[in-house]
file start39.cif (mmCIF, C-alpha atoms)
data_target
#
loop_
_atom_site.label_atom_id
_atom_site.label_comp_id
_atom_site.auth_asym_id
_atom_site.auth_seq_id
_atom_site.Cartn_x
_atom_site.Cartn_y
_atom_site.Cartn_z
CA MET A 535 16.72 22.26 -2.44
CA SER A 536 13.28 21.94 -1.01
CA ARG A 537 12.08 18.42 -1.59
CA TYR A 538 8.83 19.32 0.04
CA ALA A 539 8.02 22.34 -2.13
CA THR A 540 8.96 20.45 -5.28
CA SER A 541 7.06 17.32 -4.33
CA ARG A 542 4.04 19.38 -3.31
CA VAL A 543 3.61 20.83 -6.81
CA LEU A 544 3.85 17.37 -8.38
CA TYR A 545 1.34 16.04 -5.85
CA ASP A 546 -1.11 18.88 -6.45
CA VAL A 547 -0.95 18.48 -10.23
CA THR A 548 -1.47 14.72 -9.87
CA ARG A 549 -4.62 15.11 -7.80
CA ASP A 550 -6.32 17.89 -9.72
CA ALA A 551 -7.24 17.41 -13.38
CA GLU A 552 -7.98 21.14 -13.81
CA LEU A 553 -4.67 22.16 -12.27
CA ALA A 554 -2.93 19.65 -14.52
CA GLU A 555 -4.56 21.25 -17.55
CA ARG A 556 -3.46 24.71 -16.41
CA PHE A 557 0.04 23.35 -15.84
CA ARG A 558 0.11 22.05 -19.42
CA THR A 559 -1.00 25.34 -20.94
CA ASP A 560 0.66 27.84 -18.58
CA PRO A 561 3.09 26.18 -16.20
CA ASP A 562 4.51 29.48 -14.94
CA ALA A 563 1.12 30.52 -13.57
CA VAL A 564 0.96 27.30 -11.58
CA LEU A 565 4.55 27.58 -10.34
CA ASP A 566 4.41 31.19 -9.13
CA GLY A 567 4.46 31.55 -5.36
CA ARG A 568 5.43 27.95 -4.75
CA GLY A 569 8.72 28.69 -3.00
CA LEU A 570 10.81 26.90 -5.62
CA THR A 571 14.40 27.79 -6.47
CA ALA A 572 15.12 28.64 -10.10
CA GLU A 573 16.54 25.14 -10.65
CA GLU A 574 13.56 23.42 -9.06
CA ARG A 575 11.13 25.55 -11.00
CA GLU A 576 12.83 24.72 -14.28
CA ALA A 577 12.91 21.00 -13.51
CA VAL A 578 9.19 20.96 -12.73
CA ARG A 579 8.24 23.30 -15.61
CA THR A 580 9.96 21.07 -18.16
CA ALA A 581 8.94 17.83 -16.36
CA ASP A 582 12.64 16.94 -16.21
CA LEU A 583 12.21 13.52 -14.64
CA ARG A 584 15.95 12.84 -14.31
CA THR A 585 16.63 16.00 -12.36
CA LEU A 586 13.53 15.56 -10.20
CA LEU A 587 14.41 11.97 -9.29
CA THR A 588 18.05 12.84 -8.64
CA SER A 589 17.00 15.66 -6.34
CA GLY A 590 15.11 13.27 -4.06
CA VAL A 591 11.51 13.32 -5.27
CA HIS A 592 9.94 10.00 -4.29
CA PRO A 593 9.66 7.73 -7.35
CA PHE A 594 5.98 7.13 -6.65
CA VAL A 595 5.23 10.88 -6.54
CA LEU A 596 7.20 11.35 -9.75
CA TYR A 597 5.45 8.46 -11.48
CA HIS A 598 2.00 9.73 -10.57
CA PHE A 599 2.91 13.21 -11.85
CA ALA A 600 4.14 11.78 -15.16
CA LEU A 601 1.01 9.62 -15.44
CA ARG A 602 -1.18 12.68 -14.94
CA LEU A 603 0.68 14.68 -17.59
CA ASN A 604 0.33 11.73 -19.95
CA GLY A 605 -3.37 11.31 -19.17
CA GLY A 606 -3.05 7.72 -17.96
CA PHE A 607 -1.09 4.53 -18.42
CA SER A 608 0.09 3.02 -21.69
CA MET A 609 3.05 0.84 -22.60
CA PRO A 610 4.69 3.58 -24.71
CA PHE A 611 4.30 5.95 -21.74
CA MET A 612 5.96 3.42 -19.46
CA GLN A 613 8.83 2.90 -21.90
CA GLY A 614 9.32 6.64 -22.30
CA TYR A 615 9.25 7.15 -18.54
CA LEU A 616 11.83 4.45 -17.91
CA GLY A 617 13.94 5.73 -20.79
CA GLN A 618 14.16 9.16 -19.19
CA ILE A 619 15.35 7.88 -15.81
CA GLN A 620 17.45 4.98 -17.09
CA GLY A 621 20.68 4.35 -15.19
CA LEU A 622 19.80 6.44 -12.15
CA THR A 623 19.80 5.05 -8.65
CA VAL A 624 17.34 6.24 -6.04
CA GLY A 625 19.10 7.80 -3.08
CA ASP A 626 17.93 9.22 0.22
CA LEU A 627 14.23 10.15 0.14
CA GLU A 628 13.74 11.82 3.51
CA THR A 629 12.35 15.31 3.30
CA MET B 1230 -15.04 -11.80 24.00
CA SER B 1231 -14.22 -11.11 20.37
CA SER B 1232 -11.94 -13.24 18.28
CA VAL B 1233 -9.83 -13.02 15.14
CA VAL B 1234 -11.20 -15.68 12.81
CA GLN B 1235 -9.10 -15.17 9.69
CA VAL B 1236 -5.93 -13.33 8.72
CA LEU B 1237 -5.24 -12.66 5.05
CA CYS B 1238 -2.41 -11.07 3.07
CA ALA B 1239 -3.25 -9.83 -0.42
CA PRO B 1240 -1.76 -7.51 -3.03
CA HIS B 1241 -3.28 -4.22 -4.20
CA ASP B 1242 -1.85 -3.60 -7.66
CA PRO B 1243 -4.35 -1.07 -9.12
CA THR B 1244 -4.14 -2.65 -12.58
CA LEU B 1245 -5.61 -5.93 -11.27
CA PRO B 1246 -9.31 -4.92 -11.32
CA GLY B 1247 -9.01 -3.86 -14.98
CA MET B 1248 -7.24 -7.12 -15.77
CA ALA B 1249 -9.95 -9.09 -13.96
CA ALA B 1250 -12.56 -7.41 -16.16
CA ARG B 1251 -10.77 -8.84 -19.21
CA GLY B 1252 -11.48 -12.36 -17.98
CA PRO B 1253 -9.85 -15.02 -20.16
CA GLU B 1254 -8.23 -12.25 -22.27
CA ALA B 1255 -5.97 -11.30 -19.34
CA PRO B 1256 -2.41 -12.72 -19.30
CA GLU B 1257 -2.30 -16.18 -17.73
CA PRO B 1258 -0.21 -15.24 -14.64
CA VAL B 1259 -2.62 -12.41 -13.89
CA GLN B 1260 -5.54 -14.82 -14.17
CA ARG B 1261 -3.79 -16.93 -11.54
CA SER B 1262 -3.60 -13.91 -9.22
CA ILE B 1263 -7.30 -13.21 -9.79
CA GLY B 1264 -7.99 -16.88 -8.98
CA HIS B 1265 -6.06 -16.61 -5.72
CA PHE B 1266 -8.14 -13.59 -4.79
CA ALA B 1267 -11.24 -15.73 -5.40
CA ALA B 1268 -9.85 -18.45 -3.11
CA LEU B 1269 -9.20 -15.92 -0.35
CA ARG B 1270 -12.66 -14.45 -0.85
CA GLU B 1271 -14.13 -17.90 -0.14
CA ARG B 1272 -11.96 -18.40 2.93
CA LEU B 1273 -12.98 -15.00 4.23
CA ALA B 1274 -16.68 -15.75 3.72
CA ALA B 1275 -16.32 -19.20 5.32
CA SER B 1276 -14.84 -17.60 8.45
CA ARG B 1277 -18.12 -15.61 8.86
CA PRO B 1278 -16.57 -12.34 10.03
CA ASP B 1279 -18.60 -9.48 11.50
CA VAL B 1280 -15.86 -6.89 11.00
CA LEU B 1281 -12.91 -6.44 8.64
CA VAL B 1282 -9.79 -4.78 10.03
CA VAL B 1283 -7.87 -3.71 6.92
CA VAL B 1284 -4.22 -2.68 7.19
CA SER B 1285 -2.58 -0.92 4.28
CA GLY B 1286 -0.12 1.72 3.29
CA ASP B 1287 -1.37 4.86 1.59
CA HIS B 1288 0.35 5.93 -1.64
CA PHE B 1289 0.76 9.68 -1.15
CA ASN B 1290 -2.97 9.98 -1.73
CA GLN B 1291 -4.61 10.57 1.65
CA TRP B 1292 -1.39 11.39 3.49
CA PHE B 1293 1.45 13.54 2.23
CA TYR B 1294 4.58 15.11 3.69
CA ASP B 1295 2.53 17.87 5.32
CA ASN B 1296 0.98 15.31 7.67
CA MET B 1297 2.35 11.77 7.65
CA PRO B 1298 1.07 9.44 10.37
CA THR B 1299 3.14 6.35 11.05
CA PHE B 1300 0.07 4.36 12.16
CA CYS B 1301 -3.41 5.85 11.92
CA ILE B 1302 -6.87 4.43 12.65
CA GLY B 1303 -9.74 5.63 10.49
CA LYS B 1304 -12.99 6.22 12.36
CA ALA B 1305 -15.19 8.13 9.92
CA ALA B 1306 -18.77 7.01 9.30
CA ARG B 1307 -17.93 5.29 6.01
CA ALA B 1308 -14.95 3.38 4.67
CA ARG B 1309 -14.85 4.45 1.06
CA GLY B 1310 -12.57 5.25 -1.81
CA PRO B 1311 -10.54 5.49 -3.93
CA PHE B 1312 -9.60 9.04 -4.95
CA PRO B 1313 -10.97 10.54 -8.18
CA HIS B 1314 -7.45 10.78 -9.63
CA GLU B 1315 -6.93 7.06 -8.99
CA GLU B 1316 -10.13 6.31 -10.86
CA GLU B 1317 -8.96 8.58 -13.68
CA LEU B 1318 -5.41 7.25 -13.90
CA PHE B 1319 -5.93 3.55 -13.15
CA GLY B 1320 -9.62 2.93 -13.79
CA VAL B 1321 -10.13 1.35 -10.36
CA GLY B 1322 -13.73 1.12 -9.16
CA ARG B 1323 -15.26 2.48 -5.97
CA TYR B 1324 -15.75 0.76 -2.65
CA ASP B 1325 -18.13 2.04 -0.02
CA ALA B 1326 -18.91 0.20 3.20
CA ALA B 1327 -19.84 1.08 6.75
CA LEU B 1328 -17.03 1.72 9.23
CA GLU B 1329 -17.07 -0.10 12.56
CA GLY B 1330 -16.48 2.96 14.73
CA ASP B 1331 -16.89 1.12 18.00
CA VAL B 1332 -14.00 -1.23 17.24
CA ALA B 1333 -11.93 1.63 15.79
CA ARG B 1334 -12.34 3.67 18.98
CA HIS B 1335 -11.65 0.59 21.10
CA LEU B 1336 -8.32 0.00 19.33
CA LEU B 1337 -7.41 3.66 19.61
CA ARG B 1338 -8.24 3.97 23.32
CA THR B 1339 -6.84 0.57 24.32
CA GLY B 1340 -3.70 1.24 22.33
CA LEU B 1341 -3.04 4.46 24.20
CA THR B 1342 -3.28 2.66 27.55
CA ARG B 1343 -0.54 0.24 26.51
CA GLY B 1344 1.86 2.62 24.80
CA ILE B 1345 0.62 2.34 21.21
CA ASP B 1346 -0.08 5.90 20.15
CA PHE B 1347 -2.18 5.58 17.02
CA SER B 1348 -3.10 8.74 15.18
CA TYR B 1349 -6.72 8.89 14.12
CA SER B 1350 -8.81 10.50 11.44
CA ASP B 1351 -12.53 11.19 11.11
CA ASP B 1352 -12.25 12.42 7.53
CA PHE B 1353 -10.32 10.50 4.90
CA THR B 1354 -10.54 8.59 1.65
CA LEU B 1355 -9.20 5.06 1.34
CA ASP B 1356 -6.84 4.72 -1.59
CA HIS B 1357 -6.40 1.67 -3.82
CA GLY B 1358 -4.29 -0.03 -1.13
CA PHE B 1359 -7.57 -0.60 0.71
CA THR B 1360 -10.16 -0.60 -2.05
CA VAL B 1361 -8.51 -3.10 -4.41
CA PRO B 1362 -8.31 -6.00 -1.94
CA LEU B 1363 -11.71 -5.13 -0.50
CA THR B 1364 -13.24 -5.16 -3.97
CA PHE B 1365 -11.83 -8.63 -4.63
CA LEU B 1366 -12.32 -10.11 -1.16
CA ARG B 1367 -15.69 -8.68 -0.15
CA PRO B 1368 -17.39 -7.13 -3.18
CA GLU B 1369 -20.73 -7.26 -1.33
CA GLU B 1370 -19.64 -4.15 0.68
CA ASP B 1371 -21.79 -5.55 3.49
CA LEU B 1372 -19.25 -5.84 6.32
CA PRO B 1373 -18.11 -2.86 8.37
CA VAL B 1374 -14.44 -2.00 8.01
CA VAL B 1375 -11.83 -0.63 10.38
CA PRO B 1376 -8.96 0.83 8.35
CA ILE B 1377 -5.47 1.08 9.81
CA PHE B 1378 -3.18 3.26 7.72
CA THR B 1379 0.51 2.45 7.90
CA ASN B 1380 3.31 4.59 6.52
CA VAL B 1381 5.38 2.27 4.34
CA MET B 1382 6.45 4.83 1.72
CA ALA B 1383 7.73 8.07 3.20
CA PRO B 1384 10.85 7.52 5.33
CA PRO B 1385 11.54 7.34 8.16
CA VAL B 1386 9.34 4.26 8.49
CA ALA B 1387 8.80 1.92 11.45
CA THR B 1388 10.77 -1.33 11.60
CA GLY B 1389 9.63 -4.82 10.69
CA ARG B 1390 9.74 -5.67 14.39
CA ARG B 1391 7.38 -2.79 15.09
CA PHE B 1392 4.91 -3.92 12.42
CA TYR B 1393 5.08 -7.48 13.76
CA ASP B 1394 4.49 -6.38 17.35
CA LEU B 1395 1.65 -4.11 16.29
CA GLY B 1396 -0.11 -7.01 14.56
CA ALA B 1397 0.19 -9.09 17.72
CA ALA B 1398 -1.06 -6.19 19.86
CA VAL B 1399 -4.08 -5.55 17.62
CA VAL B 1400 -5.13 -9.19 18.03
CA GLU B 1401 -4.86 -8.88 21.82
CA MET B 1402 -6.87 -5.68 21.76
CA VAL B 1403 -9.53 -7.23 19.51
CA GLU B 1404 -9.79 -10.16 21.90
CA ALA B 1405 -10.28 -7.72 24.77
CA HIS B 1406 -13.28 -6.13 23.04
CA PRO B 1407 -16.34 -6.95 25.17
CA ALA B 1408 -18.72 -7.66 22.29
CA ASP B 1409 -18.79 -11.12 20.78
CA LEU B 1410 -17.40 -10.14 17.40
CA ARG B 1411 -15.77 -12.28 14.77
CA VAL B 1412 -12.98 -10.17 13.26
CA ALA B 1413 -10.99 -10.81 10.10
CA ILE B 1414 -7.71 -9.01 9.45
CA ILE B 1415 -6.72 -8.19 5.88
CA ALA B 1416 -3.14 -7.01 5.37
CA SER B 1417 -2.74 -5.30 2.01
CA GLY B 1418 0.83 -5.23 0.77
CA HIS B 1419 3.09 -6.88 -1.72
CA LEU B 1420 6.43 -8.46 -2.49
CA SER B 1421 9.20 -6.65 -4.37
CA ASN B 1422 8.36 -3.71 -6.58
CA GLY B 1423 9.91 -0.46 -7.68
CA ILE B 1424 6.98 1.49 -9.10
CA GLY B 1425 8.18 4.82 -10.45
CA SER B 1426 11.86 4.01 -10.02
CA PRO B 1427 14.40 3.09 -12.70
CA ARG B 1428 13.99 -0.53 -11.53
CA MET B 1429 10.25 -0.51 -12.09
CA ALA B 1430 10.43 -3.14 -14.84
CA ASP B 1431 13.05 -5.40 -13.21
CA PHE B 1432 10.45 -8.15 -12.85
CA VAL B 1433 10.32 -8.49 -16.63
CA LYS B 1434 13.90 -9.79 -16.67
CA GLN B 1435 13.88 -11.37 -13.21
CA PRO B 1436 10.33 -12.31 -12.19
CA ASP B 1437 11.35 -14.03 -8.96
CA ASN B 1438 14.30 -12.15 -7.50
CA PRO B 1439 16.45 -13.54 -4.68
CA TRP B 1440 14.72 -11.46 -2.03
CA ASP B 1441 11.28 -12.72 -3.09
CA VAL B 1442 12.50 -16.31 -3.15
CA GLN B 1443 14.12 -16.09 0.27
CA THR B 1444 11.28 -14.17 1.89
CA TRP B 1445 8.61 -16.54 0.60
CA ASP B 1446 10.67 -19.51 1.83
CA ARG B 1447 10.98 -17.96 5.25
CA ILE B 1448 7.20 -17.45 5.43
CA LEU B 1449 6.49 -21.04 4.38
CA GLN B 1450 9.05 -22.44 6.82
CA GLY B 1451 8.03 -20.25 9.74
CA GLN B 1452 11.43 -18.52 9.95
CA THR B 1453 9.75 -15.54 11.51
CA GLU B 1454 12.65 -14.44 13.69
CA ASP B 1455 14.84 -14.15 10.60
CA LEU B 1456 12.18 -12.10 8.83
CA ILE B 1457 11.85 -9.81 11.82
CA ALA B 1458 15.61 -9.36 12.10
CA GLU B 1459 16.20 -8.58 8.43
CA THR B 1460 13.11 -6.51 7.61
CA THR B 1461 13.53 -2.76 7.75
CA TYR B 1462 12.49 0.03 5.41
CA GLU B 1463 16.11 0.30 4.28
CA SER B 1464 16.59 -3.41 3.59
CA LEU B 1465 13.33 -3.55 1.66
CA ALA B 1466 13.86 -0.31 -0.27
CA ALA B 1467 17.19 -1.72 -1.45
CA VAL B 1468 15.16 -4.36 -3.33
CA GLY B 1469 12.88 -1.73 -4.88
CA THR B 1470 11.47 1.53 -3.61
CA GLY B 1471 7.96 0.05 -3.25
CA THR B 1472 9.08 -3.15 -1.50
CA PRO B 1473 8.54 -1.69 2.00
CA GLY B 1474 4.87 -2.45 1.31
CA PHE B 1475 5.87 -5.90 2.59
CA LEU B 1476 5.86 -4.41 6.09
CA ASP B 1477 2.08 -4.84 6.19
CA TYR B 1478 2.63 -8.58 5.72
CA MET B 1479 4.85 -8.39 8.81
CA PHE B 1480 1.81 -6.97 10.64
CA ALA B 1481 -0.14 -10.07 9.55
CA LEU B 1482 2.68 -12.36 10.69
CA GLY B 1483 2.52 -10.71 14.09
CA ALA B 1484 -1.23 -11.25 14.18
CA VAL B 1485 -0.70 -15.02 13.83
CA GLY B 1486 2.28 -15.31 16.16
CA GLY B 1487 4.62 -16.02 13.28
CA SER B 1488 2.94 -19.33 12.48
CA THR B 1489 3.08 -20.88 9.02
CA PRO B 1490 0.15 -20.05 6.72
CA ASP B 1491 -2.73 -22.37 5.88
CA PHE B 1492 -2.81 -20.99 2.35
CA ALA B 1493 0.13 -19.58 0.41
CA GLU B 1494 0.39 -18.77 -3.28
CA LYS B 1495 2.90 -16.59 -5.06
CA VAL B 1496 2.69 -15.52 -8.68
CA ALA B 1497 5.98 -14.37 -10.22
CA SER B 1498 6.02 -13.71 -13.95
CA PRO B 1499 7.37 -11.28 -16.52
CA VAL B 1500 3.94 -9.66 -17.02
CA ALA B 1501 3.42 -8.03 -13.60
CA PRO B 1502 5.24 -7.48 -10.30
CA PRO B 1503 5.08 -10.55 -8.04
CA THR B 1504 1.97 -11.10 -5.95
CA GLY B 1505 1.74 -13.01 -2.67
CA PHE B 1506 -1.44 -14.44 -1.19
CA LEU B 1507 -1.52 -15.80 2.38
CA ALA B 1508 -4.21 -16.97 4.77
CA TRP B 1509 -4.36 -18.23 8.33
CA ASP B 1510 -7.57 -19.76 9.62
CA ALA B 1511 -7.30 -18.35 13.12
CA ALA B 1512 -5.02 -16.10 15.06
CA GLY B 1513 -4.24 -15.35 18.64
CA ALA B 1514 -3.83 -18.87 20.03
CA GLN B 1515 -0.26 -19.02 18.80
CA SER B 1516 0.69 -15.46 19.63
CA ALA B 1517 2.92 -16.38 22.59
CA GLU B 1518 5.06 -18.80 20.63
CA VAL B 1519 7.60 -16.48 19.09
CA SER B 1520 10.25 -15.57 21.59
CA ARG B 1521 11.92 -12.20 21.77
#

call {"tool": "encode", "arguments": {"input": "start39.cif", "output": "structure tokens"}}
result
Amino acid sequence: MSRYATSRVLYDVTRDAELAERFRTDPDAVLDGRGLTAEEREAVRTADLRTLLTSGVHPFVLYHFALRLNGGFSMPFMQGYLGQIQGLTVGDLET
Amino acid sequence: MSSVVQVLCAPHDPTLPGMAARGPEAPEPVQRSIGHFAALRERLAASRPDVLVVVSGDHFNQWFYDNMPTFCIGKAARARGPFPHEEELFGVGRYDAALEGDVARHLLRTGLTRGIDFSYSDDFTLDHGFTVPLTFLRPEEDLPVVPIFTNVMAPPVATGRRFYDLGAAVVEMVEAHPADLRVAIIASGHLSNGIGSPRMADFVKQPDNPWDVQTWDRILQGQTEDLIAETTYESLAAVGTGTPGFLDYMFALGAVGGSTPDFAEKVASPVAPPTGFLAWDAAGAQSAEVSR
């Protein structure tokens, strides 16, 4: 598991509106050459928040990524986000 | 000789500027927070500073895992931000002021001579950790800023003792600056929060959790040694993954020698994570009081 490679994709998508749009329409093109394992790639491609958080992505990095995919903050977004990660505990975050 | 004329602690929740724009439509507890910002703005102005030293964590915006400084002094020509994606996602406004490069370089050089190895950067953007308090506390953008970035998010992170000692050292180094400058220190941080974690909304059910209650009590009662002893990244992260942002308040406590604040207001409510506002009218004089 490369926390760095996984986190880096989430970070890049968060910061770049154009990259985020490409990720929405053709995630595989964005994920090629990123050094992700098959499991990591699938978790990012499907924005599987539970798997990403469990694998040690920092909650703040994850939250920003989800915000970017959603296009900004709203209460329904927040409820959906929390619903997806409900019951998890945050473990070690060192990369 | 320069002097530290005011030390402030303020929150940087990026939703606050948008709430402030709603005026009386904003939830009442948030209006109280906005009011406390206004009170600190007046205190800051009354202290007539020439320079603002602003200490804040970055939120994986300027610094990421490819290059993560523990403590970093910004010495670019301008102190400006936030990032475009923060404007897009949170609607926070821009801040753009001069940067006091002479003081920044003084802290950097003097630090190195006494074993404080700051990183430095000549090319950066300040994220909302800096721009939100600056926007509330000095919207005029007329005072030069010296930003000190602190890593409070990406472990491993320095200890509470280290933040405290660094605050004390920065005051000593400011006082050793040969120009006759009046310097204010703004520590941007917060109390408990768990943004992005499953506990992100814990404040809705428990607005004032036991850690917030105890920590605020310790600040008001001057129990600084207890705060130093119990404050680490791990102890704070156990209360919420964003809570280590409190470490920047430990920097402020160090800057005032652990003395009790002249102004202290906390807002804990079910509508937003708790906010803590602190002010000390002067620093330095007390800095020898706390024993090791």

call {"tool": "closest_residue", "arguments": {"input": "start39.cif", "among": "A:Gly605, A:Gly590, A:Gly569, A:Pro561", "to": "chain B", "atoms": "only C-alpha atoms"}}
result
A:Gly605

call {"tool": "closest_residue", "arguments": {"input": "start39.cif", "among": "B:Pro1407, B:Gly1505, B:Pro1385, B:Gly1474", "to": "Asp626 in chain A", "atoms": "all atoms listed in the file"}}
result
B:Pro1385

call {"tool": "residues_around", "arguments": {"input": "start39.cif", "residues": "Glu576 in chain A", "least_positions_apart": "5", "cutoff": "10 Å", "atoms": "all atoms listed in the file", "output": "count of residues only"}}
result
7

call {"tool": "interface_residues", "arguments": {"input": "start39.cif", "of": "chain A", "to": "chain B", "cutoff": "6 Å", "atoms": "all atoms listed in the file", "output": "short mmCIF file (atom, residue, chain, number, x, y, z; two decimals) with C-alpha atoms, keeping the file's coordinate frame"}}
result
data_model
loop_
_atom_site.label_atom_id
_atom_site.label_comp_id
_atom_site.auth_asym_id
_atom_site.auth_seq_id
_atom_site.Cartn_x
_atom_site.Cartn_y
_atom_site.Cartn_z
CA ARG A 549 -4.62 15.11 -7.80
CA PRO A 593 9.66 7.73 -7.35
CA PHE A 594 5.98 7.13 -6.65
CA TYR A 597 5.45 8.46 -11.48
CA GLY A 606 -3.05 7.72 -17.96
CA LEU A 616 11.83 4.45 -17.91
CA ILE A 619 15.35 7.88 -15.81
CA GLN A 620 17.45 4.98 -17.09
CA GLU A 628 13.74 11.82 3.51
#

call {"tool": "resolve_selection", "arguments": {"input": "start39.cif", "expression": "the PyMOL selection byres ((chain B and resi 1339) around 12)", "output": "list in words"}}
result
Asp1331, Val1332, Ala1333, Arg1334, His1335, Leu1336, Leu1337, Arg1338, Gly1340, Leu1341, Thr1342, Arg1343, Gly1344, Ile1345, Asp1346, Phe1347, Ala1398, Val1399, Val1400, Glu1401, Met1402, Val1403, Glu1404, Ala1405 and His1406 of chain B
